[in-house]
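Structure, as structure tokens:
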2 protein chains.
Amino acid sequence: MSRLPEFDRTAVIDKAMLVFWQRGYSQTTVTDLVHATGLNPGSLYAAFGNKKGVFLEVLEAYNRTFLERIRRMGEDGRPALAALREMLATIVEDTVSGRNRQGCLAVNALLEMAEHEPDVASRLCAHNERVRQAFARLIADAQADGDIAPGRSADALAAFLVNNLWGMRVMCRGAVDRAALDAVVDGILTGLTGRLQAADGRDRPRR
Amino acid sequence: MSRLPEFDRTAVIDKAMLVFWQRGYSQTTVTDLVHATGLNPGSLYAAFGNKKGVFLEVLEAYNRTFLERIRRMGEDGRPALAALREMLATIVEDTVSGRNRQGCLAVNALLEMAEHEPDVASRLCAHNERVRQAFARLIADAQADGDIAPGRSADALAAFLVNNLWGMRVMCRGAVDRAALDAVVDGILTGLTGRLQAADGRDRPRR
DNA sequence: CAAGTTATTGAATGTCCGTTCAATATCCAG
DNA sequence: CTGGATATTGAACGGACATTCAATAACTTG
């Protein structure tokens, strides 16, 4: 019936993601997107409407990937708390190595755009909620394993965990200090389990 | 010898602060600053060099105020942990009431500008370090009071606390959920003290 | 192959931005 | 009162920005 688009929409979004992630929304120009994606302005506008349209689709892809990674954490055989520990260790490693210096696209976007772009804000709030629920499921598993004290609501503990993740997404934009990051992880695990952590990362036995 | 400036530099910076705080750096136009301060472009540029010069002075004033507030926390008669608890309660109140919706100017700036403005980034890192030290002093006091277990480094606990504060500065830009905020505060106190918190906010006695 | 439809191209457009500057006003020293 | 120095004014400027569009190319259907 007509000519078909030549580009791979997913690949275009992935390339645009890198640009928005690195530069932020308002510092990214359409010219940047044109260079990064290889599409001309006309094609970009035909496919996505405008700059914000590109960004919304980028954000959706980013959030979906992020959420899937969390949900997959509960699906291998490992105990949930061990999976959580490994995730935190990975964040620390990525931050110290500099792989994480651009932070989290969603957190960056929330701070940059929440005030003036209600639809971006509402999507990010919904995303946050889903993230918290995914972690709550993981925490409930850890409670069932006996690794986290069962008395407190998994949802509440997940809120605490997410708060720390967002905090680390801020921290990683500034000076990187391994000791501070380790201390944060330690505090998270203590806050979750209610038990002081031993130096080897296992719970310290209660006296 | 010559004509004197007519404006109050401090008042101008305070007015500019509100604009940058609400809109972010790159979304704030010089015209916005002209309207907010009442100064014409020429005077603004004569006094501060350029837009970034205004921002740097705003940031310095903001950070100084912020730091002074923390340092003053240790100077009334109250136990340090009680002062910390009150601070956290105030943050929760301000967030729920919406007084806190624009977040923290310094955190916003770090996420928006760290990548492309090294001098902004370095100032914010130095500020973060001072904030952590101020909290570390407070935590050391609480350890001396016996309210926080003395085994762990006050500096490490302060890093954990600051991480949660920055996390809350992110959270407050999105949906406000009192239960989640209370859960965060609960997790912070558990992480700091190493003891599960009772519903009334006091430490739960260990079994 | 023909007709219809849609994608691609890249130059052009109007707007808004940060910044400058010449003209003017005000102040202080002598 | 006078001269030198600096502050204020607000219009103007060049550049960069998001977006549009007319011309062209490519594909599908019949």
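We label chains A, B, ... in the order they appear in the structure tokens, count residues from 1 in each chain, and number ligands from 1 in the order shown.
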Residues of chain D within 7 Å of chain B, counting only C-alpha atoms (C1' of nucleotides) - could you list those as a PyMOL selection string?
chain D and resi 5-8
According to DSSP computed on the backbone, where in segment 72-164 of chain B is there alpha helix (DSSP H)? Give the residues as an MDAnalysis selection string.
chainID B and resid 72:73 80:97 105:113 118:145 154:164
Residues of chain C near chain B: apply a cut-off of 12 Å, count only C-alpha atoms (C1' of nucleotides), and supply the list as a PyMOL selection string.
chain C and resi 16-22+25-30
Using C-alpha atoms (C1' of nucleotides), can you write the selected residues to a file as a PDB file, in the first residue's frame?
```
ATOM      1  C1'  DC C  16      13.478  32.640  22.096  1.00  0.00           C
ATOM      2  C1'  DC C  17      17.794  32.602  24.386  1.00  0.00           C
ATOM      3  C1'  DG C  18      22.060  34.572  26.729  1.00  0.00           C
ATOM      4  C1'  DT C  19      24.649  38.414  26.253  1.00  0.00           C
ATOM      5  C1'  DT C  20      26.306  43.119  24.870  1.00  0.00           C
ATOM      6  C1'  DC C  21      26.423  48.007  24.538  1.00  0.00           C
ATOM      7  C1'  DA C  22      25.754  52.886  23.902  1.00  0.00           C
ATOM      8  C1'  DA C  25      21.869  58.702  35.604  1.00  0.00           C
ATOM      9  C1'  DT C  26      24.004  58.863  40.031  1.00  0.00           C
ATOM     10  C1'  DC C  27      27.550  59.195  43.269  1.00  0.00           C
ATOM     11  C1'  DC C  28      32.091  60.681  45.452  1.00  0.00           C
ATOM     12  C1'  DA C  29      36.482  63.177  45.805  1.00  0.00           C
ATOM     13  C1'  DG C  30      38.617  67.472  45.548  1.00  0.00           C
TER      14       DG C  30
END
```
Using only C-alpha atoms, pick whichever of B:Arg152, B:Arg64, B:Arg85, B:Lys52 has the shortest atom-to-atom distance to chain A.
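Of all the options, B:Arg152 lies closest to chain A.
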Which chain B residues have any atom within 8 Å of an atom of chain A, and for each, what is the nearest pair of atoms with distance in Å to one decimal, counting only C-alpha atoms, rows sorted by chain and number, as a Markdown table?
```
| residue | atom | partner | partner_atom | distance |
| --- | --- | --- | --- | --- |
| B:Gln22 | CA | A:Glu115 | CA | 7.6 |
| B:Arg23 | CA | A:Glu115 | CA | 7.4 |
| B:Gly24 | CA | A:Glu112 | CA | 6.9 |
| B:Ser26 | CA | A:Ser26 | CA | 7.2 |
| B:Gln27 | CA | A:Ser26 | CA | 7.6 |
| B:Gln102 | CA | A:Glu115 | CA | 7.5 |
| B:Val107 | CA | A:Val170 | CA | 7.1 |
| B:Asn108 | CA | A:Leu111 | CA | 6.0 |
| B:Leu110 | CA | A:Arg173 | CA | 6.8 |
| B:Leu111 | CA | A:Asn108 | CA | 6.0 |
| B:Glu112 | CA | A:Glu112 | CA | 6.7 |
| B:Ala114 | CA | A:Arg173 | CA | 6.5 |
| B:Glu115 | CA | A:Arg23 | CA | 7.4 |
| B:His116 | CA | A:Arg23 | CA | 8.0 |
| B:Ala121 | CA | A:Gly174 | CA | 6.5 |
| B:Ser122 | CA | A:Gly174 | CA | 7.8 |
| B:Leu124 | CA | A:Gly174 | CA | 7.5 |
| B:Cys125 | CA | A:Gly174 | CA | 5.7 |
| B:Ala156 | CA | A:Ala183 | CA | 5.0 |
| B:Leu157 | CA | A:Ala183 | CA | 6.6 |
| B:Ala159 | CA | A:Ala180 | CA | 5.5 |
| B:Phe160 | CA | A:Val184 | CA | 4.4 |
| B:Asn163 | CA | A:Gly167 | CA | 4.7 |
| B:Asn164 | CA | A:Asn164 | CA | 5.5 |
| B:Leu165 | CA | A:Gly167 | CA | 7.3 |
| B:Trp166 | CA | A:Gly167 | CA | 4.9 |
| B:Gly167 | CA | A:Gly167 | CA | 3.8 |
| B:Met168 | CA | A:Asn163 | CA | 6.4 |
| B:Val170 | CA | A:Trp166 | CA | 6.7 |
| B:Met171 | CA | A:Asn163 | CA | 7.2 |
| B:Arg173 | CA | A:Ala114 | CA | 6.5 |
| B:Gly174 | CA | A:Cys125 | CA | 5.7 |
| B:Ala175 | CA | A:Cys125 | CA | 5.8 |
| B:Ala179 | CA | A:Ala156 | CA | 7.4 |
| B:Ala180 | CA | A:Ala159 | CA | 5.5 |
| B:Leu181 | CA | A:Ala159 | CA | 7.6 |
| B:Ala183 | CA | A:Ala156 | CA | 5.0 |
| B:Val184 | CA | A:Phe160 | CA | 4.4 |
| B:Val185 | CA | A:Phe160 | CA | 7.9 |
| B:Gly187 | CA | A:Gly191 | CA | 4.7 |
| B:Ile188 | CA | A:Gly191 | CA | 6.5 |
| B:Leu189 | CA | A:Gly191 | CA | 7.6 |
| B:Thr190 | CA | A:Gly191 | CA | 4.9 |
| B:Gly191 | CA | A:Gly191 | CA | 4.1 |
| B:Leu192 | CA | A:Gly187 | CA | 6.9 |
| B:Gly194 | CA | A:Leu196 | CA | 5.3 |
| B:Arg195 | CA | A:Gly194 | CA | 5.8 |
| B:Leu196 | CA | A:Gly194 | CA | 5.3 |
```
For DT15 of chain C, please output as a list in words all residues within 12 Å (counting only C-alpha atoms (C1' of nucleotides); exclusion window: fewer than 4 positions along the same chain).
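The residues that qualify are DA16, DC17, DA18 and DT19 of chain D.
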Include C-alpha atoms (C1' of nucleotides) and write out the residues we just selected as a PDB file, in the first residue's frame.
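Below is the file again_2.pdb, written as the result:
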```
ATOM      1  C1'  DA D  16      20.693  28.028  18.478  1.00  0.00           C
ATOM      2  C1'  DC D  17      16.518  25.891  19.097  1.00  0.00           C
ATOM      3  C1'  DA D  18      12.182  22.951  17.942  1.00  0.00           C
ATOM      4  C1'  DT D  19       9.494  22.381  14.206  1.00  0.00           C
TER       5       DT D  19
END
```
Atom pair atom CA of Ser97 of chain A / atom CA of Phe66 of chain A: separation (Å)
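Separating atom CA of Ser97 of chain A from atom CA of Phe66 of chain A is a distance of 20.2 Å.
For the pair atom CA of Arg72 of chain B and atom CA of Val131 of chain B, the interatomic distance is 12.3 Å.
Distance-wise, atom C1' of DT28 of chain D and atom CA of Phe7 of chain A end up 18.2 Å apart.
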